[in-house]
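Text of query05.cif, listed as mmCIF, C-alpha atoms and all ligand atoms:
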```
data_target
#
loop_
_atom_site.label_atom_id
_atom_site.label_comp_id
_atom_site.auth_asym_id
_atom_site.auth_seq_id
_atom_site.Cartn_x
_atom_site.Cartn_y
_atom_site.Cartn_z
CA MET A 1 121.77 127.61 134.71
CA THR A 2 123.88 124.45 134.86
CA ARG A 3 122.88 122.05 132.14
CA LYS A 4 122.75 118.32 132.81
CA PRO A 5 125.93 116.57 131.60
CA ASP A 6 124.14 114.43 129.00
CA ALA A 7 122.20 117.41 127.58
CA ALA A 8 124.53 117.91 124.63
CA LYS A 9 124.27 114.24 123.63
CA LEU A 10 120.51 114.25 123.12
CA THR A 11 119.93 113.80 119.40
CA VAL A 12 116.64 114.45 117.67
CA ASP A 13 116.37 110.74 116.80
CA ALA A 14 116.94 109.74 120.43
CA LEU A 15 114.32 112.27 121.49
CA MET A 16 111.75 110.88 119.03
CA ALA A 17 112.46 107.27 120.05
CA ILE A 18 111.80 107.54 123.78
CA GLN A 19 107.99 107.28 123.76
CA PRO A 20 105.18 107.14 121.15
CA VAL A 21 103.58 110.43 122.16
CA ILE A 22 105.07 113.78 123.21
CA PRO A 23 102.56 115.65 125.36
CA VAL A 24 102.16 119.30 124.35
CA VAL A 25 101.57 121.09 127.62
CA THR A 26 100.32 124.58 128.46
CA VAL A 27 100.97 125.78 132.01
CA ASP A 28 99.17 128.88 133.28
CA ARG A 29 100.38 128.61 136.91
CA SER A 30 104.01 127.66 137.45
CA GLU A 31 103.12 125.83 140.68
CA ASP A 32 101.26 123.27 138.53
CA ALA A 33 104.51 122.33 136.78
CA GLU A 34 105.77 119.80 139.35
CA PRO A 35 102.56 117.80 139.96
CA LEU A 36 101.71 117.87 136.26
CA GLY A 37 105.21 116.82 135.22
CA ALA A 38 105.29 114.12 137.88
CA ALA A 39 101.99 112.70 136.60
CA LEU A 40 103.37 112.54 133.04
CA VAL A 41 106.78 111.14 133.93
CA GLY A 42 105.25 108.63 136.36
CA ALA A 43 102.98 107.38 133.58
CA GLY A 44 105.91 106.90 131.20
CA LEU A 45 105.93 110.18 129.26
CA ARG A 46 109.37 111.60 130.09
CA VAL A 47 109.68 113.84 127.05
CA ILE A 48 107.43 116.86 127.55
CA GLU A 49 106.94 119.86 125.25
CA LEU A 50 105.96 122.88 127.30
CA VAL A 51 104.66 125.72 125.15
CA MET A 52 105.93 129.30 125.45
CA ARG A 53 102.43 130.73 125.32
CA THR A 54 101.95 131.85 128.89
CA GLU A 55 103.68 134.13 131.36
CA ALA A 56 104.39 131.06 133.48
CA ALA A 57 106.08 129.03 130.72
CA ALA A 58 109.75 129.73 131.52
CA GLU A 59 109.36 129.15 135.24
CA ALA A 60 107.33 126.01 134.48
CA ILE A 61 110.14 124.65 132.27
CA ARG A 62 112.58 125.35 135.09
CA ARG A 63 110.44 123.60 137.70
CA MET A 64 109.42 120.63 135.55
CA SER A 65 113.05 120.05 134.54
CA GLY A 66 113.82 119.31 138.18
CA ILE A 67 111.72 116.13 138.07
CA GLU A 68 113.86 113.00 137.99
CA GLY A 69 113.78 111.52 134.49
CA ALA A 70 111.97 114.43 132.83
CA ILE A 71 113.23 115.76 129.49
CA VAL A 72 111.48 119.09 129.11
CA GLY A 73 111.62 121.10 125.89
CA ALA A 74 110.08 124.37 124.79
CA GLY A 75 107.35 124.53 122.16
CA THR A 76 105.83 127.49 120.31
CA VAL A 77 109.28 129.11 120.10
CA LEU A 78 108.49 131.93 117.69
CA SER A 79 111.33 134.43 118.10
CA PRO A 80 114.96 134.80 119.13
CA THR A 81 113.68 136.13 122.46
CA ASP A 82 111.51 133.03 123.03
CA PHE A 83 114.55 130.91 122.15
CA ASP A 84 116.81 132.71 124.63
CA VAL A 85 114.20 132.56 127.40
CA ALA A 86 113.64 128.83 126.75
CA MET A 87 117.36 128.06 126.79
CA LYS A 88 117.90 130.04 129.98
CA ALA A 89 115.02 128.12 131.58
CA GLY A 90 116.84 124.86 130.77
CA ALA A 91 114.89 123.60 127.74
CA ARG A 92 116.47 120.36 126.45
CA PHE A 93 114.89 120.63 122.99
CA ILE A 94 113.07 123.19 120.85
CA VAL A 95 109.86 122.87 118.85
CA THR A 96 108.62 125.56 116.45
CA PRO A 97 105.29 125.60 114.59
CA GLY A 98 107.01 126.68 111.36
CA LEU A 99 110.51 126.74 109.94
CA SER A 100 112.77 129.59 111.09
CA SER A 101 116.35 129.38 109.85
CA PHE A 102 117.40 131.75 112.62
CA ILE A 103 116.05 129.48 115.35
CA VAL A 104 117.39 126.35 113.59
CA GLU A 105 120.87 127.91 113.59
CA GLY A 106 120.49 128.95 117.22
CA ALA A 107 119.54 125.43 118.28
CA ARG A 108 122.43 123.98 116.32
CA ALA A 109 124.88 126.40 117.93
CA ALA A 110 123.49 125.57 121.37
CA GLY A 111 123.64 121.82 120.67
CA VAL A 112 119.95 121.18 121.36
CA PRO A 113 117.67 119.11 119.11
CA ILE A 114 115.04 121.03 117.20
CA LEU A 115 111.79 119.93 115.59
CA PRO A 116 110.62 122.71 113.28
CA GLY A 117 107.12 122.56 111.85
CA VAL A 118 106.47 121.95 108.15
CA CYS A 119 103.41 120.95 106.18
CA THR A 120 104.35 121.21 102.48
CA ALA A 121 106.94 119.70 100.15
CA THR A 122 108.49 123.14 99.69
CA GLU A 123 108.90 123.64 103.43
CA ILE A 124 110.48 120.18 103.74
CA MET A 125 112.92 121.09 100.96
CA THR A 126 113.78 124.33 102.74
CA GLY A 127 114.43 122.27 105.88
CA LEU A 128 116.58 119.80 103.93
CA SER A 129 118.64 122.71 102.65
CA LEU A 130 119.27 123.68 106.29
CA GLY A 131 120.55 120.16 106.97
CA LEU A 132 117.40 118.86 108.70
CA ASP A 133 115.42 115.69 108.04
CA ARG A 134 113.31 115.45 111.19
CA PHE A 135 110.27 117.73 111.46
CA LYS A 136 107.05 118.41 113.29
CA PHE A 137 104.21 117.99 110.79
CA PHE A 138 101.88 120.82 111.75
CA PRO A 139 98.93 121.27 111.84
CA ALA A 140 98.67 117.56 111.20
CA GLU A 141 94.92 116.99 110.88
CA GLN A 142 94.21 120.21 108.99
CA ALA A 143 97.21 119.73 106.65
CA GLY A 144 95.98 116.39 105.35
CA GLY A 145 96.56 113.92 108.17
CA PRO A 146 97.92 110.42 107.49
CA ALA A 147 97.05 110.62 103.76
CA MET A 148 99.32 113.65 103.33
CA LEU A 149 102.14 111.93 105.21
CA LYS A 150 101.78 108.87 102.96
CA ALA A 151 102.10 111.12 99.90
CA LEU A 152 105.17 112.88 101.33
CA HIS A 153 106.82 109.53 102.02
CA GLY A 154 107.28 109.00 98.26
CA PRO A 155 109.74 111.81 97.50
CA PHE A 156 111.00 112.19 101.08
CA GLY A 157 111.55 108.56 102.08
CA HIS A 158 114.32 109.35 104.56
CA VAL A 159 112.44 112.11 106.37
CA LYS A 160 110.69 111.41 109.70
CA PHE A 161 107.90 113.41 111.27
CA CYS A 162 106.21 114.17 114.56
CA PRO A 163 102.62 114.95 113.50
CA THR A 164 101.02 117.41 115.91
CA GLY A 165 97.84 119.45 115.85
CA GLY A 166 94.40 117.88 116.14
CA VAL A 167 95.80 114.39 116.83
CA THR A 168 93.80 112.45 119.43
CA GLU A 169 94.06 109.20 121.37
CA ARG A 170 91.76 107.69 118.73
CA THR A 171 93.66 108.94 115.65
CA ALA A 172 97.24 108.63 116.99
CA PRO A 173 97.51 104.92 115.97
CA ASP A 174 96.80 105.84 112.31
CA TYR A 175 99.82 108.15 112.37
CA LEU A 176 102.08 105.85 114.38
CA ALA A 177 101.51 103.04 111.86
CA LEU A 178 103.19 105.10 109.09
CA PRO A 179 106.86 104.42 108.23
CA ASN A 180 107.71 108.13 108.25
CA VAL A 181 106.19 108.86 111.65
CA ALA A 182 108.55 108.43 114.59
CA VAL A 183 106.33 109.92 117.28
CA VAL A 184 103.19 112.07 117.54
CA GLY A 185 102.58 115.19 119.60
CA GLY A 186 99.36 116.17 121.26
CA GLY A 187 97.56 118.31 123.74
CA TRP A 188 94.87 115.71 124.47
CA ILE A 189 96.79 114.32 127.46
CA THR A 190 96.71 117.60 129.37
CA PRO A 191 93.40 119.29 128.52
CA LYS A 192 92.96 122.73 130.09
CA ALA A 193 89.92 121.66 132.10
CA LEU A 194 91.87 118.87 133.83
CA VAL A 195 94.90 121.10 134.49
CA ASP A 196 92.65 123.84 135.91
CA ALA A 197 90.97 121.23 138.12
CA LYS A 198 94.42 119.91 139.13
CA ASP A 199 93.16 116.42 138.25
CA TRP A 200 96.62 114.85 138.07
CA GLU A 201 95.18 111.37 138.43
CA LYS A 202 93.05 111.67 135.30
CA ILE A 203 96.00 113.19 133.44
CA ALA A 204 98.15 110.25 134.55
CA ASP A 205 95.48 107.87 133.17
CA LEU A 206 95.49 109.64 129.79
CA ALA A 207 99.30 109.63 129.82
CA LYS A 208 99.45 105.89 130.58
CA THR A 209 97.19 105.12 127.63
CA ALA A 210 99.31 107.35 125.38
CA ALA A 211 102.55 105.78 126.62
CA GLY A 212 101.15 102.35 125.74
CA LEU A 213 100.34 103.16 122.10
CA LYS A 214 102.14 100.93 119.58
CA ARG A 215 104.31 102.18 116.73
C1 LIG B 1 99.59 123.06 119.46
O1 LIG B 1 100.16 123.83 118.73
O2 LIG B 1 98.77 123.42 120.30
C2 LIG B 1 99.99 121.64 119.35
O3 LIG B 1 100.26 121.33 118.03
C3 LIG B 1 99.02 120.71 119.95
O4 LIG B 1 97.86 120.67 119.24
P1 LIG B 1 96.64 119.84 119.81
O5 LIG B 1 96.26 120.49 121.11
O6 LIG B 1 95.58 119.95 118.75
O7 LIG B 1 97.10 118.42 120.04
#
```

Could you express the structure from this file as structure tokens?
Ligand code: 3PG
Amino acid sequence: MTRKPDAAKLTVDALMAIQPVIPVVTVDRSEDAEPLGAALVGAGLRVIELVMRTEAAAEAIRRMSGIEGAIVGAGTVLSPTDFDVAMKAGARFIVTPGLSSFIVEGARAAGVPILPGVCTATEIMTGLSLGLDRFKFFPAEQAGGPAMLKALHGPFGHVKFCPTGGVTERTAPDYLALPNVAVVGGGWITPKALVDAKDWEKIADLAKTAAGLKR
């Protein structure tokens, strides 16, 4: 598909600076992509991570990307096939739960920002050796939460994270207050029950609150 002209210029830092929270979205029915995306973008959450966990994911990326102002990326990219499918669907950025050098190289070659997941000092050092210093910190709550990020800030002062996994509206401010957290990711804005009920209004309310969080 034709990529938007500014697609190549999107850096990972620019991506992380746009809003305090990146919604992590699962779409089971591709026809939900437009109303769901419109609710998020309308509430101020333009950057949306859509996870490659359902049959509908690629078509949903395609449809959501058509919304004015939306910057839709693919999450849960686990394999070269996922990566190819996501890129063909028009994903503007890539998120992986762990660190795959193959996918990192693919994203670099394609000129799209990537946020690979890490949760240990060793994984961060592997990422540094691949030329990266921006990561998803996953699974954030289970891997030690804000206390772990504070500890990692010592040796890795120049590294910035997007903590994701178990973060909530209540705990997001604790992460956003840290100097090494640029943005947080979370599924709390689009819970399955609300998506299944097509309650776009309630999702827009949750998105507005998330968009208003301070960092
Ligand atoms: C995930 O992998 O599902 C994301 O990290 C989001 O996690 P969350 O739903 O706990 O916010």

Item to check | Spatial neighbours of Leu45 in chain A, max dist 9 Å, all atoms listed in the file, sep filter under 5 positions, as a ChimeraX atom specification | outcome: /A:18-23,37,39-40,70,207-208,210-211

Select from chain A every residue with an atom at most 6 Å from any atom of ligand LIG 1 (chain B), then for each give the shortest pair of atoms and their distance in Å to one decimal, using only C-alpha atoms and all ligand atoms, rows by chain and rising number, as JSON lines.
```
{"residue": "A:Val24", "atom": "CA", "partner": "B:LIG1", "partner_atom": "C3", "distance": 5.6}
{"residue": "A:Thr164", "atom": "CA", "partner": "B:LIG1", "partner_atom": "O3", "distance": 4.5}
{"residue": "A:Gly165", "atom": "CA", "partner": "B:LIG1", "partner_atom": "O4", "distance": 3.6}
{"residue": "A:Gly166", "atom": "CA", "partner": "B:LIG1", "partner_atom": "O6", "distance": 3.5}
{"residue": "A:Val167", "atom": "CA", "partner": "B:LIG1", "partner_atom": "O7", "distance": 5.3}
{"residue": "A:Gly186", "atom": "CA", "partner": "B:LIG1", "partner_atom": "O7", "distance": 3.4}
{"residue": "A:Gly187", "atom": "CA", "partner": "B:LIG1", "partner_atom": "O5", "distance": 3.7}
{"residue": "A:Trp188", "atom": "CA", "partner": "B:LIG1", "partner_atom": "O7", "distance": 5.7}
```

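Taking CA of Ile67 in chain A and CA of Lys198 in chain A as endpoints, the distance between them is 17.7 Å.
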
Checklist entry - Contacts of range 112-129 of chain A at 8 Å or less, counting only C-alpha atoms, minus same-chain residues fewer than 4 places along, as a VMD selection string? => result chain A and resid 7 to 8 10 to 12 15 92 to 100 104 107 to 108 133 to 140 143 152

Next on the checklist: Set the distance at 7 Å and use only C-alpha atoms: which residues neighbour range 32-35 of chain A once local chain neighbours fewer than 6 positions away are removed? I'd like the list as a PyMOL selection string.
Outcome noted: chain A and resi 60+63-64+200

Checklist entry - In Å to one decimal, how far is CA of Ala182 in chain A from CA of Lys202 in chain A? => result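 Atom-to-atom, CA of Lys202 in chain A and CA of Ala182 in chain A are spaced 26.1 Å apart.
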
Item to check | Å distance separating CA of Arg170 in chain A from CA of Ala204 in chain A, one decimal place | outcome: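 Here the two named atoms are 17.3 Å from each other.
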
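Counting all atoms listed in the file, the residue from A:Ala57, A:Val27, A:Ile203, A:Cys162 that sits nearest to Tyr175 in chain A is A:Cys162.
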
Item to check | Among listed residues A:Val85, A:Leu130, A:Val181, A:Ala14, nearest Phe102 in chain A (using all atoms listed in the file) | outcome: A:Leu130

Checklist entry - Taking into account all atoms listed in the file, which residue in the set A:Pro155, A:Gly131, A:Gly69, A:Gly90 is nearest to Glu105 in chain A? => result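 The answer is A:Gly131, which sits nearest to Glu105 in chain A.
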